Structure formats: structure tokens, C-alpha cells
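Chemist: Next up, run.cif (mmCIF, C-alpha atoms and all ligand atoms).
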```cif
data_coords
#
loop_
_atom_site.label_atom_id
_atom_site.label_comp_id
_atom_site.auth_asym_id
_atom_site.auth_seq_id
_atom_site.Cartn_x
_atom_site.Cartn_y
_atom_site.Cartn_z
CA MET X 26 106.98 135.46 143.80
CA GLU X 27 105.50 132.03 144.02
CA HIS X 28 106.51 129.51 141.44
CA ALA X 29 103.08 127.88 141.09
CA GLU X 30 99.57 128.47 142.43
CA MET X 31 96.47 126.32 142.53
CA ILE X 32 93.10 128.02 142.17
CA TYR X 33 90.50 126.03 144.06
CA SER X 34 87.43 126.09 146.24
CA ASP X 35 84.99 123.36 147.27
CA GLU X 36 82.32 125.65 145.77
CA TYR X 37 83.49 124.28 142.40
CA LEU X 38 81.53 121.13 143.21
CA ALA X 39 78.29 123.01 142.50
CA TYR X 40 79.03 122.61 138.76
CA ASN X 41 76.96 119.45 138.69
CA PHE X 42 74.61 118.24 135.95
CA GLY X 43 73.17 115.63 138.30
CA GLU X 44 73.13 111.95 139.04
CA GLY X 45 74.27 109.71 136.20
CA HIS X 46 75.87 112.53 134.17
CA PRO X 47 79.48 111.65 133.23
CA PHE X 48 80.86 115.07 134.25
CA ASN X 49 81.23 114.43 137.97
CA PRO X 50 82.65 117.36 139.97
CA LEU X 51 83.73 114.96 142.70
CA ARG X 52 86.84 114.33 140.59
CA LEU X 53 88.14 117.72 141.78
CA LYS X 54 87.62 116.77 145.41
CA LEU X 55 89.41 113.45 144.87
CA THR X 56 92.29 115.23 143.14
CA MET X 57 92.72 117.87 145.84
CA ASN X 58 92.56 115.18 148.49
CA LEU X 59 95.23 113.15 146.69
CA ILE X 60 97.53 116.17 146.38
CA ASP X 61 96.92 116.82 150.06
CA SER X 62 97.73 113.26 151.12
CA MET X 63 100.99 113.39 149.12
CA GLY X 64 102.06 115.82 151.81
CA PHE X 65 103.83 118.52 149.82
CA PRO X 66 103.12 122.21 150.28
CA ILE X 67 100.64 123.85 147.96
CA VAL X 68 99.91 127.53 147.40
CA MET X 69 96.17 128.01 147.01
CA ARG X 70 94.07 130.93 145.84
CA SER X 71 90.30 131.10 145.88
CA PRO X 72 88.39 131.64 142.66
CA ARG X 73 85.75 134.34 142.32
CA ARG X 74 82.74 134.52 140.03
CA ALA X 75 83.35 136.10 136.65
CA THR X 76 81.15 139.15 136.12
CA VAL X 77 78.65 139.35 133.27
CA ALA X 78 80.94 141.87 131.57
CA GLU X 79 83.78 139.34 131.77
CA LEU X 80 81.57 136.55 130.41
CA GLU X 81 80.75 138.84 127.51
CA LEU X 82 84.42 138.59 126.46
CA ALA X 83 83.42 135.14 125.17
CA HIS X 84 79.64 135.04 124.94
CA ASP X 85 76.59 136.63 123.36
CA PRO X 86 74.76 138.74 125.99
CA SER X 87 71.46 137.08 125.05
CA TYR X 88 72.97 133.65 125.74
CA ILE X 89 74.25 134.76 129.16
CA GLU X 90 70.80 136.19 129.85
CA ALA X 91 69.18 132.86 128.94
CA VAL X 92 71.57 130.93 131.20
CA ARG X 93 70.80 133.28 134.09
CA ARG X 94 67.06 132.94 133.54
CA MET X 95 67.14 129.12 133.47
CA SER X 96 69.64 129.05 136.33
CA GLU X 97 67.06 130.78 138.53
CA THR X 98 64.19 128.42 137.78
CA GLY X 99 66.27 125.29 137.26
CA GLN X 100 63.97 124.51 134.32
CA ALA X 101 64.73 124.42 130.60
CA SER X 102 62.58 127.08 128.92
CA TRP X 103 60.99 126.77 125.44
CA ASP X 104 64.03 128.36 123.79
CA ALA X 105 66.64 126.29 125.69
CA ILE X 106 67.61 124.03 122.79
CA GLY X 107 68.64 127.03 120.69
CA PHE X 108 71.16 127.82 123.41
CA GLY X 109 72.42 124.23 123.60
CA LEU X 110 70.71 123.74 126.95
CA GLY X 111 68.16 121.24 128.20
CA THR X 112 69.94 118.46 126.31
CA ASP X 113 71.36 115.18 127.63
CA ASP X 114 74.86 116.67 127.51
CA ASP X 115 73.94 120.04 129.00
CA PRO X 116 70.83 119.74 131.16
CA VAL X 117 69.66 122.80 133.05
CA PHE X 118 70.27 122.85 136.80
CA PRO X 119 69.50 125.50 139.42
CA GLY X 120 72.46 127.78 140.11
CA MET X 121 74.24 126.82 136.90
CA HIS X 122 75.04 130.43 136.02
CA GLU X 123 76.79 130.96 139.35
CA ALA X 124 78.61 127.61 139.19
CA ALA X 125 79.79 128.19 135.63
CA SER X 126 80.80 131.79 136.40
CA LEU X 127 82.98 130.51 139.25
CA ALA X 128 84.81 128.09 136.92
CA VAL X 129 85.46 131.03 134.56
CA GLY X 130 86.51 133.28 137.44
CA GLY X 131 89.02 130.62 138.50
CA SER X 132 90.80 130.87 135.17
CA LEU X 133 90.62 134.68 135.38
CA VAL X 134 92.21 134.64 138.84
CA ALA X 135 94.90 132.32 137.44
CA GLY X 136 95.54 134.82 134.63
CA GLN X 137 95.53 137.80 137.00
CA GLU X 138 98.02 136.14 139.34
CA ILE X 139 100.40 135.73 136.40
CA VAL X 140 99.75 139.21 134.97
CA GLN X 141 100.34 140.84 138.35
CA GLY X 142 103.56 138.90 138.81
CA ARG X 143 102.52 136.96 141.90
CA THR X 144 103.22 133.60 140.30
CA GLN X 145 104.74 132.15 137.15
CA HIS X 146 102.42 129.19 136.80
CA ALA X 147 98.76 128.90 137.79
CA LEU X 148 96.37 125.96 137.57
CA ASN X 149 92.56 125.98 137.54
CA LEU X 150 91.35 122.39 137.37
CA ALA X 151 87.69 123.47 137.26
CA GLY X 152 88.43 125.25 133.97
CA GLY X 153 89.10 123.80 130.56
CA LEU X 154 85.49 124.10 129.36
CA HIS X 155 86.66 124.24 125.77
CA HIS X 156 83.44 123.34 123.91
CA ALA X 157 81.29 126.31 125.00
CA MET X 158 80.46 128.51 122.00
CA TYR X 159 79.68 132.21 121.59
CA GLY X 160 75.94 131.66 121.82
CA ALA X 161 75.52 128.12 123.11
CA ALA X 162 76.48 125.51 125.65
CA SER X 163 78.06 122.35 124.27
CA GLY X 164 79.69 119.15 125.50
CA PHE X 165 79.24 119.73 129.28
CA CYS X 166 80.56 123.30 128.90
CA ILE X 167 78.32 126.26 129.76
CA TYR X 168 80.79 129.17 129.70
CA ASN X 169 84.18 129.04 128.03
CA ASP X 170 86.67 129.96 130.76
CA ILE X 171 89.59 129.59 128.36
CA VAL X 172 88.30 132.13 125.85
CA VAL X 173 87.47 134.61 128.63
CA ALA X 174 90.93 134.18 130.21
CA ILE X 175 92.77 134.56 126.90
CA ARG X 176 90.75 137.68 125.98
CA TYR X 177 91.62 139.10 129.40
CA LEU X 178 95.35 138.37 128.86
CA ARG X 179 95.19 140.00 125.42
CA ALA X 180 93.41 143.11 126.72
CA ALA X 181 95.51 143.52 129.86
CA MET X 182 98.96 142.82 128.43
CA GLY X 183 98.69 142.44 124.66
CA TRP X 184 100.38 139.06 125.05
CA ARG X 185 100.56 136.63 122.17
CA VAL X 186 99.02 133.40 123.38
CA LEU X 187 99.80 129.83 122.42
CA TYR X 188 96.90 127.58 123.41
CA LEU X 189 97.65 123.86 123.60
CA ASP X 190 94.79 121.40 124.10
CA ILE X 191 95.43 117.69 124.82
CA ASP X 192 91.85 116.77 125.75
CA ALA X 193 90.62 113.71 123.81
CA HIS X 194 88.00 115.95 122.19
CA HIS X 195 88.76 118.76 119.75
CA GLY X 196 89.05 122.18 121.42
CA ASP X 197 86.41 123.57 119.08
CA GLY X 198 85.07 126.46 121.19
CA VAL X 199 88.51 127.97 121.70
CA GLN X 200 89.48 127.45 118.06
CA ALA X 201 86.25 129.13 116.90
CA ALA X 202 86.81 132.18 119.12
CA PHE X 203 90.28 132.88 117.73
CA TYR X 204 89.91 131.44 114.23
CA ASP X 205 90.68 134.77 112.53
CA ASP X 206 93.17 136.02 115.13
CA PRO X 207 96.90 135.76 114.37
CA GLU X 208 97.82 136.74 117.94
CA VAL X 209 96.32 133.58 119.44
CA LEU X 210 97.57 130.30 118.04
CA THR X 211 95.40 127.32 118.94
CA ILE X 212 96.66 123.77 118.63
CA SER X 213 94.61 120.74 119.55
CA PHE X 214 95.57 117.07 119.76
CA HIS X 215 92.47 114.87 119.93
CA GLU X 216 90.88 111.66 118.80
CA THR X 217 89.87 112.04 115.17
CA GLY X 218 86.43 113.56 114.66
CA ARG X 219 85.57 110.63 112.41
CA TYR X 220 84.55 108.78 115.54
CA LEU X 221 84.20 111.27 118.33
CA PHE X 222 82.33 114.39 119.42
CA PRO X 223 82.43 117.19 118.30
CA GLY X 224 83.48 115.84 114.89
CA THR X 225 85.70 118.81 114.00
CA GLY X 226 89.47 119.29 114.32
CA ASP X 227 90.61 118.10 110.90
CA ILE X 228 94.07 119.16 109.72
CA SER X 229 92.37 121.25 107.02
CA GLU X 230 91.04 123.62 109.72
CA LEU X 231 93.85 126.17 109.68
CA GLY X 232 92.15 129.45 110.54
CA MET X 233 90.74 132.22 108.37
CA GLY X 234 91.54 135.75 107.26
CA LYS X 235 94.51 137.14 109.14
CA GLY X 236 94.33 134.12 111.42
CA TYR X 237 94.99 131.69 108.60
CA GLY X 238 97.69 129.28 109.71
CA TYR X 239 97.16 130.06 113.38
CA ALA X 240 94.81 127.16 114.08
CA LEU X 241 96.45 123.74 114.05
CA ASN X 242 94.93 120.33 114.59
CA VAL X 243 96.39 116.88 115.03
CA PRO X 244 93.56 114.31 114.87
CA LEU X 245 94.84 111.05 116.37
CA GLU X 246 93.80 107.51 115.49
CA PRO X 247 91.73 105.52 117.98
CA PHE X 248 93.97 103.50 120.35
CA THR X 249 96.81 106.01 120.10
CA GLY X 250 99.06 105.33 123.09
CA ASP X 251 101.64 107.27 125.09
CA ASN X 252 104.59 106.93 122.74
CA SER X 253 102.84 107.95 119.55
CA TRP X 254 100.99 110.85 121.21
CA GLN X 255 104.21 112.11 122.79
CA GLU X 256 106.00 111.80 119.46
CA CYS X 257 103.32 113.92 117.75
CA LEU X 258 103.64 116.62 120.43
CA GLU X 259 107.40 116.70 119.96
CA ALA X 260 107.10 116.78 116.17
CA VAL X 261 104.99 119.95 116.25
CA LEU X 262 105.29 121.92 119.48
CA PRO X 263 108.88 123.09 119.93
CA ARG X 264 108.96 124.35 116.33
CA VAL X 265 105.65 126.19 116.63
CA LEU X 266 106.76 127.79 119.90
CA GLU X 267 110.03 128.88 118.32
CA ARG X 268 108.31 130.45 115.33
CA PHE X 269 105.24 131.90 117.00
CA GLU X 270 107.12 133.35 120.00
CA PRO X 271 104.18 133.46 122.42
CA ASN X 272 104.34 135.54 125.59
CA ILE X 273 102.33 132.99 127.53
CA LEU X 274 101.43 129.34 127.29
CA VAL X 275 97.83 128.35 128.02
CA THR X 276 97.27 124.59 128.24
CA GLN X 277 94.18 122.40 128.62
CA HIS X 278 94.79 119.06 130.33
CA GLY X 279 91.63 117.02 129.81
CA CYS X 280 92.66 113.45 130.65
CA ASP X 281 89.82 111.67 128.86
CA GLY X 282 92.24 110.16 126.34
CA HIS X 283 93.28 107.68 129.02
CA ALA X 284 92.85 104.01 128.09
CA TRP X 285 90.35 103.56 130.94
CA ASP X 286 88.22 106.58 130.12
CA PRO X 287 84.68 105.42 129.29
CA LEU X 288 83.95 108.15 126.70
CA THR X 289 86.82 107.91 124.19
CA ASP X 290 88.95 105.40 122.31
CA LEU X 291 92.44 106.76 122.88
CA PHE X 292 94.93 104.69 124.85
CA ALA X 293 97.10 107.01 126.91
CA THR X 294 98.22 106.33 130.48
CA THR X 295 99.03 108.73 133.29
CA LYS X 296 102.65 108.54 132.14
CA PHE X 297 101.71 110.55 129.05
CA TYR X 298 99.78 113.14 131.07
CA TRP X 299 102.72 113.57 133.38
CA ALA X 300 105.23 113.80 130.50
CA ALA X 301 103.08 116.32 128.61
CA ALA X 302 102.84 118.48 131.75
CA GLU X 303 106.60 118.28 132.26
CA ARG X 304 107.18 119.38 128.67
CA ALA X 305 104.67 122.23 128.96
CA HIS X 306 106.54 123.35 132.08
CA GLN X 307 109.87 123.29 130.25
CA TRP X 308 108.42 125.07 127.23
CA SER X 309 106.94 127.82 129.40
CA HIS X 310 110.41 128.56 130.75
CA THR X 311 112.22 128.20 127.42
CA TYR X 312 109.80 130.25 125.32
CA CYS X 313 107.49 132.29 127.58
CA ASN X 314 109.55 133.57 130.53
CA GLY X 315 107.86 130.93 132.65
CA ARG X 316 104.36 132.28 132.04
CA TRP X 317 102.01 129.29 132.07
CA LEU X 318 98.29 129.12 132.74
CA ALA X 319 96.92 125.57 132.87
CA VAL X 320 93.36 124.32 133.15
CA GLY X 321 91.65 120.95 133.54
CA GLY X 322 89.06 119.63 131.10
CA GLY X 323 87.49 116.27 130.36
CA GLY X 324 88.16 113.13 132.37
CA TYR X 325 85.43 110.66 133.17
CA GLU X 326 87.24 107.85 135.00
CA LEU X 327 86.42 109.42 138.34
CA ALA X 328 88.62 107.65 140.87
CA ARG X 329 91.12 105.56 138.92
CA VAL X 330 92.42 108.16 136.46
CA VAL X 331 91.59 111.83 136.95
CA PRO X 332 93.01 112.33 140.48
CA ARG X 333 96.35 110.78 139.54
CA ALA X 334 96.59 112.49 136.13
CA TRP X 335 95.95 115.92 137.67
CA THR X 336 98.12 115.34 140.74
CA LEU X 337 100.93 114.58 138.30
CA LEU X 338 100.09 117.80 136.42
CA TRP X 339 100.34 119.77 139.65
CA MET X 340 103.62 118.08 140.60
CA ALA X 341 105.10 118.87 137.19
CA MET X 342 103.97 122.47 137.54
CA ALA X 343 105.30 122.85 141.07
CA GLY X 344 108.61 121.23 140.12
CA ILE X 345 108.13 118.23 142.40
CA PRO X 346 110.03 115.19 141.11
CA VAL X 347 108.07 112.10 140.10
CA GLY X 348 109.36 108.56 139.64
CA GLU X 349 107.84 105.49 138.01
CA LEU X 350 107.34 104.12 141.52
CA THR X 351 105.97 107.21 143.25
CA LYS X 352 103.22 105.71 145.39
CA THR X 353 99.58 106.63 145.63
CA PRO X 354 99.22 107.17 149.39
CA THR X 355 97.48 104.23 151.08
CA GLU X 356 95.21 106.49 153.13
CA TRP X 357 93.89 108.03 149.91
CA ILE X 358 93.26 104.63 148.34
CA GLN X 359 91.44 103.44 151.45
CA ARG X 360 89.32 106.57 151.62
CA TRP X 361 88.07 106.41 148.03
CA GLN X 362 88.28 102.73 147.03
CA SER X 363 84.52 102.31 147.43
CA LEU X 364 84.01 104.61 144.42
CA SER X 365 85.77 102.16 142.09
CA PRO X 366 84.77 98.58 141.30
CA THR X 367 88.41 97.81 140.45
CA PRO X 368 91.40 98.41 142.76
CA LEU X 369 92.76 101.96 142.75
CA PRO X 370 96.30 102.00 141.30
CA GLN X 371 99.23 101.78 143.72
CA PHE X 372 101.40 104.17 141.72
CA LEU X 373 100.78 107.62 140.25
CA ILE X 374 102.43 106.58 136.99
CA ASP X 375 100.53 103.73 135.36
CA GLN X 376 102.34 100.41 135.12
CA PRO X 377 102.46 98.83 131.63
CA LYS X 378 101.34 95.47 133.00
CA ASP X 379 97.90 96.95 133.72
CA PHE X 380 97.22 97.53 130.02
CA PRO X 381 96.75 95.10 127.12
CA VAL X 382 99.21 95.28 124.25
CA ILE X 383 97.62 96.94 121.22
CA PRO X 384 98.42 94.68 118.26
CA ARG X 385 98.08 97.53 115.73
CA ALA X 386 100.28 99.96 117.70
CA ALA X 387 102.95 100.26 114.99
CA GLU X 388 100.34 100.87 112.30
CA ILE X 389 98.59 103.50 114.45
CA GLN X 390 101.91 105.23 115.10
CA GLU X 391 102.61 105.30 111.37
CA GLN X 392 99.18 106.78 110.62
CA ASN X 393 99.71 109.50 113.23
CA ARG X 394 103.12 110.29 111.73
CA ASN X 395 101.43 110.71 108.36
CA THR X 396 98.85 113.04 109.88
CA VAL X 397 101.59 115.24 111.36
CA GLN X 398 103.40 115.23 108.04
CA ARG X 399 100.23 116.24 106.18
CA LEU X 400 99.67 119.04 108.68
CA LYS X 401 103.20 120.31 108.12
CA THR X 402 102.73 120.18 104.36
CA ALA X 403 99.38 121.96 104.57
CA ALA X 404 100.79 124.62 106.86
CA VAL X 405 103.69 125.33 104.52
CA GLU X 406 101.48 125.29 101.45
CA THR X 407 99.16 127.81 103.02
CA TYR X 408 102.03 130.19 103.80
CA CYS X 409 101.59 130.04 107.52
CA ASN X 410 105.31 129.36 107.47
CA LEU X 411 105.35 127.79 110.89
CA PHE X 412 107.37 124.79 110.04
ZN ZN X 501 108.57 126.56 136.59
ZN ZN X 502 87.07 115.76 126.36
#
```
Do you think you could lay out the structure here as C-alpha cells?

Modeler:
Amino acid sequence: MEHAEMIYSDEYLAYNFGEGHPFNPLRLKLTMNLIDSMGFPIVMRSPRRATVAELELAHDPSYIEAVRRMSETGQASWDAIGFGLGTDDDPVFPGMHEAASLAVGGSLVAGQEIVQGRTQHALNLAGGLHHAMYGAASGFCIYNDIVVAIRYLRAAMGWRVLYLDIDAHHGDGVQAAFYDDPEVLTISFHETGRYLFPGTGDISELGMGKGYGYALNVPLEPFTGDNSWQECLEAVLPRVLERFEPNILVTQHGCDGHAWDPLTDLFATTKFYWAAAERAHQWSHTYCNGRWLAVGGGGYELARVVPRAWTLLWMAMAGIPVGELTKTPTEWIQRWQSLSPTPLPQFLIDQPKDFPVIPRAAEIQEQNRNTVQRLKTAAVETYCNLF
């Protein structure tokens, strides 16, 4: 059995909303090329398109039908807006049904590889489309690969799933799908919805019905940096894993909370993304027999951030050691430098000297501590008994 597998195909690059749209699929190409130039072996599997029946695990058939119709013409129809399409965030493009189905199929292949015992860990960087809703596209996400993959894991194995989301935006689509389900615990760390899309993800969102207490949210203050974010993860995760006893860990690794990301106000560096991946790896072995399905997500600093953040994720997953001074290969920097107006970083792990000191860091850390404490209090008060 392989330890870790990467699900990838250049066909992923067809998920493209067009020139000027922040979601640039080239980031996957840059990441794969960086992993390749690092020179370590990588086990790859090709994705396949999810079938309509599989998409229906997460979506309204009439929505899928609408996507297919607009995918054929490449034009937004009169009813597009009702499906969240034809907007600035989610413009219609020809072939979008096929491209989005492939991203979903990648996460399904990742799940199947784990279910069938061919690997312990699997990574689909084209996945992580956590905003897509039952009947609508949202926030650059057409189909929700995470919801489809989790429903597949539930149906195939009956596994209890812990879903961890560290994208800078709230994982609202995944939370909504499992809001009343006590077998799938969703937990999202994100920039507070006071300032950022989609505006949800407050600590008061705890689930409903039988699923009450099985949705957890840690909204972080703007300018939250590595140390505070890591501290919040540590304050919540091991305890939740211990109590919830999941059979598999599913993690979303959007890296748009990086200080250089143009779309958010968080202040993480690649050191945090590496550390979070390392911890997820350890947790999968400690609590889930090594079962770990990871997906990508947001990340809009095309050349300077995403390739390094996700190479570090892959290295953590594959058990390849990383040091503070692990170099970004020169050939990779030379090949892609023209895409970035500022020099591409020499090291995979960001160096502190490249970031300004945040004067309010201590205050921000204190506010985040309070948020975690309020979540713990709320969770106990509502009998979810996780803490
Ligand atoms: Zn492992
Ligand atoms: Zn995001």
C-alpha cells in the first residue's frame, strides 16, 4: 500500500473562469512543477469525471441540469442568477460542467483509493470547492467536491467524518450539507464574516436537530498570524478528535489566509500551512488509522504563495522532512519569475524578515483566545459535550 497519492491531471486547468478572474488554475500547474523540481518521487493517479448520479449526492438535479445546459452554450441563460451563475464570481464558461465534474471526480478517486486500501493519504488539489450549495454555485465553486466525497465515504463505509477547513473563508457549503448530521463534524477556521465573504461562520452556528454541536466555527480576527492561528487549532482539534472519534480526516487547505493573498486580511505565512499539514498528518495516524483525504481550496497569490504552500502540504503528507532553509529550486524560480512582479521566495518556508511586524499582534491573539473560549462555553452549554 502506498503511503500517499496525488490525484492530478493537466485537464484540471480547464476549470477556468477566464482572464482577470482571481481563481487561476495555473496555480495547480505551478505547484505540480515545483513538486517535480524538488526531485522526490510522487505517486500519481488520474482523476475521472464524477457522474451526474454522484453529483446528485450534493446537488439538486435541476441545478446540475442548468449547469449542463449553460456549459454547452457557454452563455448565461435567463435563469442563471437563481443558480448563482452568470455573476462576477461565477461566470458561465463553455465546458464548465465537465471541468467541475473532473474536480469532483478527483476527490472521489482520492476517497476510493483510501476506501479500497491502496493508500492511506490522498490529495486532490483541484478540490476544496467548499462554497458550492445544494442548488447554486457560489464563491468560485460550481460543484462541491467535498460534500460528494464525504457522502460517498458515508455510503461506502459508514465512516464518521471529521472535516477540517483552514481556508480564509468559511466552509459554508460543507457546513450546510451536514448541518443536521451527527456523523459528520465540520470545523472551520476562517477570517471573521464581519469583514469577509460569505459572512457566515459565527461561533453560534453549531448545527441543528441531531447534528446540534457537530458544526464548529472559529472566526479569526483580521491580521491573525501563524502563532495565534496555530494556537487556536491546538486549543480545539486534538480534543474534538478524541471525543468525536472519526474514522477518517477530511481537510481543506485553502491558502488564501496568507499575508500576501490579495483577497483576505489574515496574516499567515507558509510556515503555518506547513505546520497545519504536519499536524493533520499526525492526527490522521493518531485518531483515524492514517485515513486522510486532503483537498486544496482558495489561494490567489498565484506564483509567490500557492505553489509553496501546497508543495509543503504534499511533503507533509508524503512524510518528506522540511527545514526552515529548504530551498525553492532555482530552475523553478527562473521558469516562473515572469509571473510575479516581486522576486519569488528562495525558501519554501517564509522568512520572518519578509513580513512587517503587526503592532496589534498581542491584542489579536487575545481576541482569538476569547473566541475559542466562547466556542468552548457555547459547545458545553448546548450539550454537545465535545470539550
Ligand atoms: Zn502518514
Ligand atoms: Zn477562500

Chemist: Point out the residue among X:Leu221, X:Val265, X:Ala328, X:Leu373 with the least atom-to-atom distance to ligand ZN 502 (chain X), counting only C-alpha atoms and all ligand atoms.

Modeler: X:Leu221

Chemist: Enumerate as a VMD selection string the residues within 6 Å of ligand ZN 502 (chain X), counting all atoms listed in the file.

Modeler: chain X and resid 192 to 194 279 281 323

Chemist: For X:Pro244, which residue among X:Val405, X:Ala343, X:Ile212, X:Leu262 is the nearest when counting all atoms listed in the file?

Modeler: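 Under the stated criterion, the closest residue is X:Ile212.
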
Chemist: At a cut-off of 7 Å and counting only C-alpha atoms and all ligand atoms, what residues surround ligand ZN 501 (chain X)? Please answer as an NGL selection string.

Modeler: :X and (28 or 145-146 or 306 or 310 or 315 or 342-344)

Chemist: Quick one: distance from atom CA of X:Arg399 to atom CA of X:Glu208 in Å, one decimal?

Modeler: 23.8 Å

Chemist: Of the candidates X:Ala386, X:Ala75, X:Val140, X:Ala334, which one gets nearest to X:Lys296 if we count only C-alpha atoms?

Modeler: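 Looking only at the distances to X:Lys296, the closest residue turns out to be X:Ala334.
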
Chemist: To one decimal in Å, tell me the separation between atom CA of X:Glu267 and atom CA of X:Tyr312.

Modeler: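 Spanning atom CA of X:Glu267 to atom CA of X:Tyr312 is a straight-line distance of 7.1 Å.
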
Chemist: Excluding X:Asn272 and any residue of its chain fewer than 2 positions from it, enumerate the residues within 8 Å of it, using all atoms listed in the file, and give them as a list of chain:residue names.

Modeler: X:Trp184, X:Arg185, X:Val186, X:Leu187, X:Glu270, X:Leu274, X:Tyr312, X:Cys313, X:Asn314, X:Arg316

Chemist: How many Å lie between atom CA of X:Leu51 and atom CA of X:Arg329, rounded to one decimal?

Modeler: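 Between atom CA of X:Leu51 and atom CA of X:Arg329 the gap is 12.5 Å.
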
Chemist: Which one is closest to X:Thr217: X:Thr367, X:Thr402, X:Val129, X:Gln392? Count only C-alpha atoms.

Modeler: X:Gln392

Chemist: Counting only C-alpha atoms, which of X:Thr225, X:Ser96, X:Asn242, X:Ser163 gets nearest to X:Ala403?

Modeler: X:Asn242

Chemist: Using all atoms listed in the file for the distances, tell me which of X:Glu246, X:Glu326, X:Glu230, X:Glu97 is nearest to X:Leu400.

Modeler: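 Closest to X:Leu400 of all the choices is X:Glu230.
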
Chemist: Quick one: residues within 12 Å of X:Asn393, all atoms listed in the file, excluding same-chain residues fewer than 3 positions away - as a ChimeraX atom specification?

Modeler: /X:214-217,228,242-250,252-258,260,386-390,396-400

Chemist: For C-alpha atoms, I'd like the residues from the last selection saved as a PDB file, keeping the file's coordinate frame.

Modeler:
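Dumped everything to selection34.pdb:
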```
ATOM      1  CA  PHE X 214      95.570 117.070 119.760  1.00  0.00           C
ATOM      2  CA  HIS X 215      92.470 114.870 119.930  1.00  0.00           C
ATOM      3  CA  GLU X 216      90.880 111.660 118.800  1.00  0.00           C
ATOM      4  CA  THR X 217      89.870 112.040 115.170  1.00  0.00           C
ATOM      5  CA  ILE X 228      94.070 119.160 109.720  1.00  0.00           C
ATOM      6  CA  ASN X 242      94.930 120.330 114.590  1.00  0.00           C
ATOM      7  CA  VAL X 243      96.390 116.880 115.030  1.00  0.00           C
ATOM      8  CA  PRO X 244      93.560 114.310 114.870  1.00  0.00           C
ATOM      9  CA  LEU X 245      94.840 111.050 116.370  1.00  0.00           C
ATOM     10  CA  GLU X 246      93.800 107.510 115.490  1.00  0.00           C
ATOM     11  CA  PRO X 247      91.730 105.520 117.980  1.00  0.00           C
ATOM     12  CA  PHE X 248      93.970 103.500 120.350  1.00  0.00           C
ATOM     13  CA  THR X 249      96.810 106.010 120.100  1.00  0.00           C
ATOM     14  CA  GLY X 250      99.060 105.330 123.090  1.00  0.00           C
ATOM     15  CA  ASN X 252     104.590 106.930 122.740  1.00  0.00           C
ATOM     16  CA  SER X 253     102.840 107.950 119.550  1.00  0.00           C
ATOM     17  CA  TRP X 254     100.990 110.850 121.210  1.00  0.00           C
ATOM     18  CA  GLN X 255     104.210 112.110 122.790  1.00  0.00           C
ATOM     19  CA  GLU X 256     106.000 111.800 119.460  1.00  0.00           C
ATOM     20  CA  CYS X 257     103.320 113.920 117.750  1.00  0.00           C
ATOM     21  CA  LEU X 258     103.640 116.620 120.430  1.00  0.00           C
ATOM     22  CA  ALA X 260     107.100 116.780 116.170  1.00  0.00           C
ATOM     23  CA  ALA X 386     100.280  99.960 117.700  1.00  0.00           C
ATOM     24  CA  ALA X 387     102.950 100.260 114.990  1.00  0.00           C
ATOM     25  CA  GLU X 388     100.340 100.870 112.300  1.00  0.00           C
ATOM     26  CA  ILE X 389      98.590 103.500 114.450  1.00  0.00           C
ATOM     27  CA  GLN X 390     101.910 105.230 115.100  1.00  0.00           C
ATOM     28  CA  THR X 396      98.850 113.040 109.880  1.00  0.00           C
ATOM     29  CA  VAL X 397     101.590 115.240 111.360  1.00  0.00           C
ATOM     30  CA  GLN X 398     103.400 115.230 108.040  1.00  0.00           C
ATOM     31  CA  ARG X 399     100.230 116.240 106.180  1.00  0.00           C
ATOM     32  CA  LEU X 400      99.670 119.040 108.680  1.00  0.00           C
TER      33      LEU X 400
END
```

Chemist: Excluding X:Arg143 and residues on its chain fewer than 3 positions from it, collect all residues at most 12 Å away from it, counting all atoms listed in the file, and give them as a PDB file with C-alpha atoms, in the coordinates of the input.

Modeler:
```
ATOM      1  CA  MET X  26     106.980 135.460 143.800  1.00  0.00           C
ATOM      2  CA  GLU X  27     105.500 132.030 144.020  1.00  0.00           C
ATOM      3  CA  HIS X  28     106.510 129.510 141.440  1.00  0.00           C
ATOM      4  CA  ALA X  29     103.080 127.880 141.090  1.00  0.00           C
ATOM      5  CA  GLU X  30      99.570 128.470 142.430  1.00  0.00           C
ATOM      6  CA  VAL X  68      99.910 127.530 147.400  1.00  0.00           C
ATOM      7  CA  ARG X  70      94.070 130.930 145.840  1.00  0.00           C
ATOM      8  CA  VAL X 134      92.210 134.640 138.840  1.00  0.00           C
ATOM      9  CA  ALA X 135      94.900 132.320 137.440  1.00  0.00           C
ATOM     10  CA  GLY X 136      95.540 134.820 134.630  1.00  0.00           C
ATOM     11  CA  GLN X 137      95.530 137.800 137.000  1.00  0.00           C
ATOM     12  CA  GLU X 138      98.020 136.140 139.340  1.00  0.00           C
ATOM     13  CA  ILE X 139     100.400 135.730 136.400  1.00  0.00           C
ATOM     14  CA  VAL X 140      99.750 139.210 134.970  1.00  0.00           C
ATOM     15  CA  HIS X 146     102.420 129.190 136.800  1.00  0.00           C
ATOM     16  CA  ALA X 147      98.760 128.900 137.790  1.00  0.00           C
ATOM     17  CA  ARG X 316     104.360 132.280 132.040  1.00  0.00           C
TER      18      ARG X 316
END
```

Chemist: May I have the residues at most 6 Å from (109.3, 123.5, 111.8) in the file's coordinates, counting only C-alpha atoms, as a list in words?

Modeler: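 Here the neighbourhood of the point contains Arg264, Leu411 and Phe412 of chain X.
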